[in-house]
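File shown: structure.txt. Contents: compact mmCIF, N, CA and C atoms.
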```txt
# COMPACT_ATOMS: atom_id res chain seq x y z
N VAL A 5 37.55 -11.30 6.66
CA VAL A 5 36.60 -12.30 7.13
C VAL A 5 36.13 -11.92 8.53
N GLN A 6 34.85 -11.92 8.72
CA GLN A 6 34.28 -11.69 10.06
C GLN A 6 33.54 -12.95 10.50
N LEU A 7 33.75 -13.31 11.77
CA LEU A 7 33.13 -14.50 12.32
C LEU A 7 32.16 -14.08 13.42
N GLN A 8 30.95 -14.58 13.35
CA GLN A 8 29.92 -14.24 14.33
C GLN A 8 29.44 -15.52 15.00
N ALA A 9 29.77 -15.67 16.28
CA ALA A 9 29.37 -16.86 17.02
C ALA A 9 28.09 -16.60 17.80
N SER A 10 27.31 -17.65 17.96
CA SER A 10 26.06 -17.56 18.73
C SER A 10 25.72 -18.92 19.30
N GLY A 11 24.71 -18.93 20.18
CA GLY A 11 24.23 -20.20 20.70
C GLY A 11 24.63 -20.51 22.13
N GLY A 12 25.45 -19.66 22.72
CA GLY A 12 25.83 -19.90 24.10
C GLY A 12 24.67 -19.68 25.05
N GLY A 13 24.89 -20.05 26.30
CA GLY A 13 23.84 -19.86 27.29
C GLY A 13 24.15 -20.62 28.55
N LEU A 14 23.12 -20.73 29.39
CA LEU A 14 23.23 -21.42 30.67
C LEU A 14 22.53 -22.77 30.55
N VAL A 15 23.22 -23.82 30.97
CA VAL A 15 22.66 -25.16 30.88
C VAL A 15 23.10 -25.96 32.10
N GLN A 16 22.28 -26.91 32.49
CA GLN A 16 22.65 -27.77 33.61
C GLN A 16 23.64 -28.84 33.16
N ALA A 17 24.41 -29.32 34.10
CA ALA A 17 25.34 -30.41 33.80
C ALA A 17 24.58 -31.58 33.18
N GLY A 18 25.18 -32.16 32.15
CA GLY A 18 24.55 -33.24 31.44
C GLY A 18 23.74 -32.79 30.24
N GLY A 19 23.50 -31.49 30.14
CA GLY A 19 22.72 -30.96 29.05
C GLY A 19 23.53 -30.74 27.79
N SER A 20 22.88 -30.13 26.81
CA SER A 20 23.49 -29.92 25.50
C SER A 20 23.29 -28.48 25.02
N LEU A 21 24.21 -28.04 24.21
CA LEU A 21 24.11 -26.77 23.51
C LEU A 21 24.73 -26.95 22.13
N ARG A 22 24.26 -26.15 21.18
CA ARG A 22 24.90 -26.12 19.87
C ARG A 22 25.31 -24.69 19.56
N LEU A 23 26.59 -24.51 19.38
CA LEU A 23 27.11 -23.21 18.99
C LEU A 23 27.19 -23.14 17.47
N SER A 24 26.93 -21.94 16.96
CA SER A 24 27.04 -21.69 15.53
C SER A 24 28.01 -20.54 15.30
N CYS A 25 28.67 -20.57 14.18
CA CYS A 25 29.57 -19.49 13.81
C CYS A 25 29.43 -19.25 12.32
N THR A 26 28.95 -18.08 11.97
CA THR A 26 28.74 -17.73 10.57
C THR A 26 29.82 -16.76 10.12
N ALA A 27 30.36 -17.01 8.96
CA ALA A 27 31.46 -16.21 8.44
C ALA A 27 31.02 -15.38 7.24
N SER A 28 31.57 -14.19 7.16
CA SER A 28 31.39 -13.38 5.97
C SER A 28 32.50 -13.74 4.99
N GLY A 29 32.34 -13.35 3.74
CA GLY A 29 33.41 -13.56 2.78
C GLY A 29 33.25 -14.81 1.96
N ARG A 30 33.93 -14.83 0.82
CA ARG A 30 33.77 -15.91 -0.15
C ARG A 30 34.72 -17.07 0.09
N SER A 31 35.69 -16.91 0.96
CA SER A 31 36.73 -17.93 1.09
C SER A 31 36.45 -18.95 2.18
N PHE A 32 35.29 -18.87 2.81
CA PHE A 32 34.99 -19.74 3.94
C PHE A 32 35.20 -21.20 3.59
N SER A 33 34.76 -21.59 2.39
CA SER A 33 34.83 -23.00 2.02
C SER A 33 36.26 -23.52 1.93
N THR A 34 37.23 -22.63 1.84
CA THR A 34 38.63 -23.04 1.73
C THR A 34 39.35 -23.04 3.07
N TYR A 35 38.67 -22.59 4.11
CA TYR A 35 39.30 -22.48 5.43
C TYR A 35 39.02 -23.69 6.30
N ALA A 36 40.03 -24.14 7.02
CA ALA A 36 39.77 -25.00 8.17
C ALA A 36 39.21 -24.11 9.29
N MET A 37 38.34 -24.68 10.07
CA MET A 37 37.71 -23.90 11.15
C MET A 37 37.92 -24.61 12.48
N GLY A 38 37.87 -23.83 13.52
CA GLY A 38 38.06 -24.44 14.83
C GLY A 38 37.34 -23.69 15.93
N TRP A 39 37.45 -24.23 17.12
CA TRP A 39 36.89 -23.61 18.32
C TRP A 39 37.93 -23.62 19.43
N PHE A 40 38.03 -22.51 20.12
CA PHE A 40 38.80 -22.38 21.34
C PHE A 40 37.83 -21.98 22.45
N ARG A 41 38.29 -22.11 23.67
CA ARG A 41 37.54 -21.59 24.80
C ARG A 41 38.50 -20.99 25.81
N GLN A 42 37.93 -20.09 26.62
CA GLN A 42 38.72 -19.45 27.66
C GLN A 42 37.88 -19.33 28.91
N ALA A 43 38.32 -20.02 29.94
CA ALA A 43 37.67 -19.92 31.25
C ALA A 43 38.27 -18.74 32.00
N PRO A 44 37.55 -18.21 32.98
CA PRO A 44 38.05 -17.06 33.74
C PRO A 44 39.42 -17.33 34.35
N GLY A 45 40.35 -16.43 34.11
CA GLY A 45 41.67 -16.55 34.68
C GLY A 45 42.58 -17.54 34.01
N LYS A 46 42.14 -18.12 32.90
CA LYS A 46 42.94 -19.13 32.21
C LYS A 46 43.27 -18.70 30.79
N GLU A 47 44.23 -19.41 30.21
CA GLU A 47 44.61 -19.16 28.83
C GLU A 47 43.56 -19.75 27.87
N HIS A 48 43.65 -19.33 26.63
CA HIS A 48 42.80 -19.93 25.61
C HIS A 48 43.15 -21.41 25.48
N GLU A 49 42.12 -22.23 25.36
CA GLU A 49 42.30 -23.67 25.24
C GLU A 49 41.71 -24.16 23.92
N PHE A 50 42.48 -24.91 23.18
CA PHE A 50 41.99 -25.50 21.94
C PHE A 50 40.89 -26.51 22.25
N VAL A 51 39.81 -26.47 21.49
CA VAL A 51 38.70 -27.41 21.67
C VAL A 51 38.66 -28.42 20.52
N GLY A 52 38.64 -27.91 19.30
CA GLY A 52 38.56 -28.81 18.15
C GLY A 52 38.71 -28.06 16.85
N ARG A 53 38.83 -28.85 15.79
CA ARG A 53 39.11 -28.28 14.47
C ARG A 53 38.52 -29.19 13.41
N ILE A 54 38.09 -28.57 12.30
CA ILE A 54 37.58 -29.33 11.16
C ILE A 54 38.26 -28.81 9.90
N SER A 55 38.61 -29.72 9.02
CA SER A 55 39.29 -29.34 7.78
C SER A 55 38.35 -28.58 6.85
N TRP A 56 38.89 -28.01 5.81
CA TRP A 56 38.12 -27.15 4.93
C TRP A 56 36.92 -27.87 4.32
N ASN A 57 37.07 -29.16 4.04
CA ASN A 57 35.97 -29.90 3.41
C ASN A 57 35.23 -30.81 4.38
N GLY A 58 35.58 -30.72 5.66
CA GLY A 58 34.89 -31.51 6.67
C GLY A 58 35.35 -32.95 6.79
N SER A 59 36.36 -33.34 6.04
CA SER A 59 36.77 -34.74 6.02
C SER A 59 37.63 -35.13 7.22
N SER A 60 38.18 -34.14 7.88
CA SER A 60 39.08 -34.42 9.00
C SER A 60 38.67 -33.58 10.19
N LYS A 61 38.59 -34.22 11.35
CA LYS A 61 38.24 -33.52 12.58
C LYS A 61 39.22 -33.91 13.68
N TYR A 62 39.46 -33.00 14.56
CA TYR A 62 40.42 -33.23 15.64
C TYR A 62 39.91 -32.52 16.88
N TYR A 63 39.98 -33.23 18.02
CA TYR A 63 39.44 -32.69 19.27
C TYR A 63 40.47 -32.83 20.39
N THR A 64 40.41 -31.92 21.32
CA THR A 64 41.20 -32.10 22.52
C THR A 64 40.61 -33.25 23.33
N ASP A 65 41.45 -33.91 24.11
CA ASP A 65 41.02 -35.13 24.79
C ASP A 65 39.81 -34.92 25.71
N SER A 66 39.74 -33.77 26.35
CA SER A 66 38.70 -33.57 27.35
C SER A 66 37.29 -33.48 26.76
N VAL A 67 37.18 -33.29 25.44
CA VAL A 67 35.86 -33.18 24.82
C VAL A 67 35.55 -34.32 23.86
N LYS A 68 36.50 -35.18 23.64
CA LYS A 68 36.28 -36.30 22.71
C LYS A 68 35.10 -37.15 23.17
N GLY A 69 34.25 -37.48 22.22
CA GLY A 69 33.07 -38.27 22.52
C GLY A 69 31.89 -37.46 23.01
N ARG A 70 32.11 -36.20 23.33
CA ARG A 70 31.02 -35.32 23.80
C ARG A 70 30.72 -34.18 22.84
N PHE A 71 31.75 -33.66 22.19
CA PHE A 71 31.60 -32.52 21.28
C PHE A 71 31.79 -32.98 19.84
N THR A 72 31.05 -32.34 18.95
CA THR A 72 31.18 -32.65 17.52
C THR A 72 31.19 -31.35 16.72
N ILE A 73 32.17 -31.23 15.86
CA ILE A 73 32.26 -30.07 14.97
C ILE A 73 31.74 -30.48 13.60
N SER A 74 30.98 -29.58 12.98
CA SER A 74 30.53 -29.79 11.60
C SER A 74 30.61 -28.47 10.85
N LYS A 75 30.59 -28.57 9.53
CA LYS A 75 30.80 -27.38 8.69
C LYS A 75 29.85 -27.44 7.50
N ASP A 76 29.16 -26.36 7.27
CA ASP A 76 28.25 -26.26 6.13
C ASP A 76 28.76 -25.14 5.24
N ASN A 77 29.48 -25.50 4.20
CA ASN A 77 30.08 -24.48 3.34
C ASN A 77 29.02 -23.69 2.58
N ALA A 78 27.89 -24.29 2.31
CA ALA A 78 26.83 -23.57 1.59
C ALA A 78 26.26 -22.45 2.45
N LYS A 79 26.32 -22.61 3.77
CA LYS A 79 25.78 -21.60 4.68
C LYS A 79 26.88 -20.78 5.34
N ASN A 80 28.12 -21.03 4.97
CA ASN A 80 29.26 -20.33 5.60
C ASN A 80 29.21 -20.45 7.12
N THR A 81 28.87 -21.61 7.60
CA THR A 81 28.66 -21.79 9.03
C THR A 81 29.37 -23.04 9.53
N VAL A 82 29.96 -22.91 10.71
CA VAL A 82 30.53 -24.04 11.43
C VAL A 82 29.78 -24.19 12.75
N TYR A 83 29.60 -25.42 13.17
CA TYR A 83 28.84 -25.72 14.37
C TYR A 83 29.70 -26.46 15.39
N LEU A 84 29.35 -26.29 16.64
CA LEU A 84 29.95 -27.09 17.70
C LEU A 84 28.80 -27.65 18.54
N GLN A 85 28.51 -28.92 18.35
CA GLN A 85 27.49 -29.58 19.15
C GLN A 85 28.13 -30.10 20.42
N MET A 86 27.62 -29.66 21.56
CA MET A 86 28.20 -30.01 22.85
C MET A 86 27.17 -30.80 23.65
N ASN A 87 27.48 -32.04 23.93
CA ASN A 87 26.62 -32.91 24.71
C ASN A 87 27.29 -33.28 26.03
N SER A 88 26.50 -33.78 26.95
CA SER A 88 27.02 -34.22 28.26
C SER A 88 27.91 -33.15 28.88
N LEU A 89 27.41 -31.95 28.89
CA LEU A 89 28.22 -30.83 29.37
C LEU A 89 28.53 -30.96 30.85
N LYS A 90 29.71 -30.46 31.20
CA LYS A 90 30.20 -30.51 32.57
C LYS A 90 30.49 -29.09 33.05
N PRO A 91 30.46 -28.86 34.34
CA PRO A 91 30.78 -27.51 34.84
C PRO A 91 32.14 -27.01 34.35
N GLU A 92 33.09 -27.91 34.16
CA GLU A 92 34.41 -27.48 33.69
C GLU A 92 34.42 -27.07 32.23
N ASP A 93 33.31 -27.23 31.53
CA ASP A 93 33.19 -26.71 30.17
C ASP A 93 32.81 -25.24 30.14
N THR A 94 32.53 -24.68 31.30
CA THR A 94 32.16 -23.28 31.38
C THR A 94 33.30 -22.40 30.89
N ALA A 95 33.00 -21.55 29.91
CA ALA A 95 34.02 -20.69 29.29
C ALA A 95 33.36 -19.81 28.25
N VAL A 96 34.14 -18.87 27.76
CA VAL A 96 33.77 -18.16 26.54
C VAL A 96 34.33 -18.96 25.37
N TYR A 97 33.47 -19.27 24.42
CA TYR A 97 33.87 -20.08 23.27
C TYR A 97 34.05 -19.18 22.04
N TYR A 98 35.16 -19.39 21.36
CA TYR A 98 35.52 -18.59 20.20
C TYR A 98 35.63 -19.49 18.97
N CYS A 99 35.04 -19.08 17.86
CA CYS A 99 35.31 -19.77 16.62
C CYS A 99 36.48 -19.08 15.92
N VAL A 100 37.23 -19.87 15.19
CA VAL A 100 38.44 -19.39 14.54
C VAL A 100 38.54 -19.96 13.13
N ALA A 101 39.26 -19.25 12.30
CA ALA A 101 39.45 -19.68 10.91
C ALA A 101 40.94 -19.74 10.58
N ASP A 102 41.31 -20.80 9.91
CA ASP A 102 42.69 -21.01 9.46
C ASP A 102 42.73 -20.84 7.95
N ALA A 103 43.33 -19.73 7.51
CA ALA A 103 43.42 -19.44 6.08
C ALA A 103 44.66 -20.06 5.44
N ASN A 104 45.40 -20.84 6.21
CA ASN A 104 46.56 -21.56 5.68
C ASN A 104 47.59 -20.61 5.07
N ARG A 105 47.84 -19.55 5.76
CA ARG A 105 48.76 -18.54 5.24
C ARG A 105 50.21 -18.86 5.59
N ILE A 106 51.11 -18.42 4.74
CA ILE A 106 52.53 -18.53 5.04
C ILE A 106 52.80 -17.72 6.31
N GLY A 107 53.50 -18.32 7.22
CA GLY A 107 53.80 -17.66 8.48
C GLY A 107 52.96 -18.18 9.63
N THR A 108 51.78 -18.73 9.32
CA THR A 108 50.94 -19.31 10.36
C THR A 108 50.65 -20.78 10.11
N ALA A 109 50.73 -21.20 8.88
CA ALA A 109 50.34 -22.57 8.53
C ALA A 109 51.23 -23.62 9.18
N GLU A 110 52.44 -23.22 9.58
CA GLU A 110 53.35 -24.21 10.18
C GLU A 110 53.17 -24.33 11.69
N LYS A 111 52.31 -23.50 12.25
CA LYS A 111 52.07 -23.56 13.69
C LYS A 111 51.23 -24.80 14.02
N SER A 112 51.31 -25.22 15.27
CA SER A 112 50.49 -26.33 15.73
C SER A 112 49.01 -25.99 15.58
N ILE A 113 48.20 -26.97 15.24
CA ILE A 113 46.76 -26.71 15.09
C ILE A 113 46.10 -26.40 16.43
N GLU A 114 46.81 -26.66 17.53
CA GLU A 114 46.27 -26.34 18.85
C GLU A 114 46.76 -24.98 19.35
N SER A 115 47.52 -24.30 18.54
CA SER A 115 48.07 -23.01 18.94
C SER A 115 47.18 -21.86 18.50
N VAL A 116 47.00 -20.89 19.35
CA VAL A 116 46.19 -19.72 18.98
C VAL A 116 46.80 -19.00 17.78
N SER A 117 48.12 -19.07 17.63
CA SER A 117 48.78 -18.34 16.56
C SER A 117 48.59 -18.98 15.18
N ARG A 118 48.01 -20.18 15.15
CA ARG A 118 47.74 -20.84 13.88
C ARG A 118 46.60 -20.18 13.12
N TYR A 119 45.70 -19.53 13.85
CA TYR A 119 44.43 -19.08 13.29
C TYR A 119 44.44 -17.61 12.95
N ASP A 120 43.95 -17.31 11.77
CA ASP A 120 44.06 -15.97 11.21
C ASP A 120 42.88 -15.07 11.59
N TYR A 121 41.75 -15.67 11.87
CA TYR A 121 40.56 -14.89 12.18
C TYR A 121 39.88 -15.46 13.43
N TRP A 122 39.36 -14.56 14.25
CA TRP A 122 38.69 -14.93 15.49
C TRP A 122 37.34 -14.25 15.56
N GLY A 123 36.35 -14.99 16.07
CA GLY A 123 35.05 -14.40 16.35
C GLY A 123 35.06 -13.72 17.71
N GLN A 124 33.92 -13.17 18.08
CA GLN A 124 33.84 -12.35 19.28
C GLN A 124 33.62 -13.16 20.55
N GLY A 125 33.29 -14.42 20.43
CA GLY A 125 33.08 -15.26 21.61
C GLY A 125 31.64 -15.31 22.05
N THR A 126 31.26 -16.46 22.59
CA THR A 126 29.93 -16.64 23.15
C THR A 126 30.07 -17.40 24.47
N GLN A 127 29.37 -16.94 25.49
CA GLN A 127 29.51 -17.50 26.83
C GLN A 127 28.71 -18.79 26.98
N VAL A 128 29.37 -19.80 27.50
CA VAL A 128 28.71 -21.05 27.87
C VAL A 128 28.92 -21.26 29.37
N THR A 129 27.82 -21.42 30.09
CA THR A 129 27.88 -21.65 31.52
C THR A 129 27.14 -22.94 31.85
N VAL A 130 27.85 -23.84 32.51
CA VAL A 130 27.26 -25.13 32.88
C VAL A 130 27.16 -25.19 34.39
N SER A 131 25.95 -25.29 34.88
CA SER A 131 25.73 -25.34 36.33
C SER A 131 25.73 -26.79 36.82
N SER A 132 26.18 -26.95 38.05
CA SER A 132 26.24 -28.31 38.64
C SER A 132 24.97 -28.67 39.35
```

As structure tokens - that is how I would like this structure written.
Amino acid sequence: VQLQASGGGLVQAGGSLRLSCTASGRSFSTYAMGWFRQAPGKEHEFVGRISWNGSSKYYTDSVKGRFTISKDNAKNTVYLQMNSLKPEDTAVYYCVADANRIGTAEKSIESVSRYDYWGQGTQVTVSS
């Protein structure tokens, strides 16, 4: 599975961006998908996750009410709609896929080790 993220850019505080992540392969519809971010000098931070069928979503506290994850299985694409952006949202954003494999499925959903596939990242910069 290959994940290709896009949609990053420079935006003023209070603005919006929508990130997209398109996956290759036939199994996309069976995967839970998520987003992480990494700011300069910091560890990867969990942002949010959506279940394989879109029925369940989970977000880190700092983005709740501002970010929304959605999944279009027909297009093999997951989205991250980011509203009311803040300078502290500045980071490289990565989409990830959880194939629910033995050995990783028991990890926390907020752990980088839970996810089997990672995209290349897209830069989001929020100016104050």

Exercise for the section: Just the residues within 5 Å of region 98-103 of chain A, please, counting only N, CA and C atoms, with nothing from its chain fewer than 4 positions along; format it as a PyMOL selection string. Expected result: chain A and resi 35-41+119-123+125

One residue among A:Gly19, A:Lys79, A:Arg30, A:Phe50 is nearest to Val116 (chain A) when using all atoms listed in the file, and that residue is A:Phe50

message = Please identify the strand (DSSP E) residues within region 8-130 of chain A (assignment by DSSP from backbone atoms) and present them as number ranges by chain.
response = A: 8-10, 13-16, 21-27, 36-42, 49-54, 61-63, 71-76, 81-86, 95-102, 121-122, 126-130

Using only N, CA and C atoms, the best pick from A:Ser59, A:Asn104, A:Ser20, A:Thr94 as closest to Arg118 (chain A) would be A:Asn104

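The space between CA of Gly13 (chain A) and CA of Ala43 (chain A) spans 14.4 Å.
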
Practice item. Figure out the distance between CA of Trp56 (chain A) and CA of Glu92 (chain A), please, to one decimal in Å. Key: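 If I compute the distance from CA of Glu92 (chain A) to CA of Trp56 (chain A), I get 29.0 Å.
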
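Across the model, the gap from CA of Phe32 (chain A) to CA of Ser88 (chain A) is 29.4 Å.
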
Measuring atom to atom with only C-alpha atoms, identify which of A:Phe71, A:Tyr97, A:Tyr83, A:Tyr62 is nearest to Glu49 (chain A).
->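 Counting only C-alpha atoms, the residue closest to Glu49 (chain A) is A:Tyr97.
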
task: Would you list the residues near (32.0, -17.5, 15.4) (no more than 6 Å away, in the coordinates of the file, using only C-alpha atoms) as a list of chain:residue names?
output: A:Leu7, A:Gln8, A:Ala9, A:Cys25, A:Thr26, A:Cys99, A:Gly123

Worksheet item: Which of these, A:Ser55, A:Thr81, A:Gln6, A:Thr129, has the shortest distance to Gly29 (chain A) once you count only N, CA and C atoms?
Response: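 Looking only at the distances to Gly29 (chain A), the closest residue turns out to be A:Gln6.
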
Counting only C-alpha atoms, the residue among A:Pro44, A:Val15, A:Ser31, A:Val51 that lies closest to Ser115 (chain A) is A:Val51

>> Let's see if you can do this: from backbone DSSP, list all helix (DSSP H, G or I) residues in region 5-95 of chain A, as a PyMOL selection string.
In response: chain A and resi 32-34+65-67+77-79+91-93

### Query
Smallest atom-to-atom distance to Arg53 (chain A): which of A:Gln16, A:Thr126, A:Ser112, A:Ser10, using only C-alpha atoms?
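Comparing A:Gln16, A:Thr126, A:Ser112, A:Ser10 against Arg53 (chain A), the winner is A:Ser112.
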
List every protein, DNA or RNA residue that has an atom no more than 7 Å from (30.8, -26.7, 35.2) in the file's coordinate frame, counting only C-alpha atoms, and report them as a PyMOL selection string.
chain A and resi 17+90-94+129-132
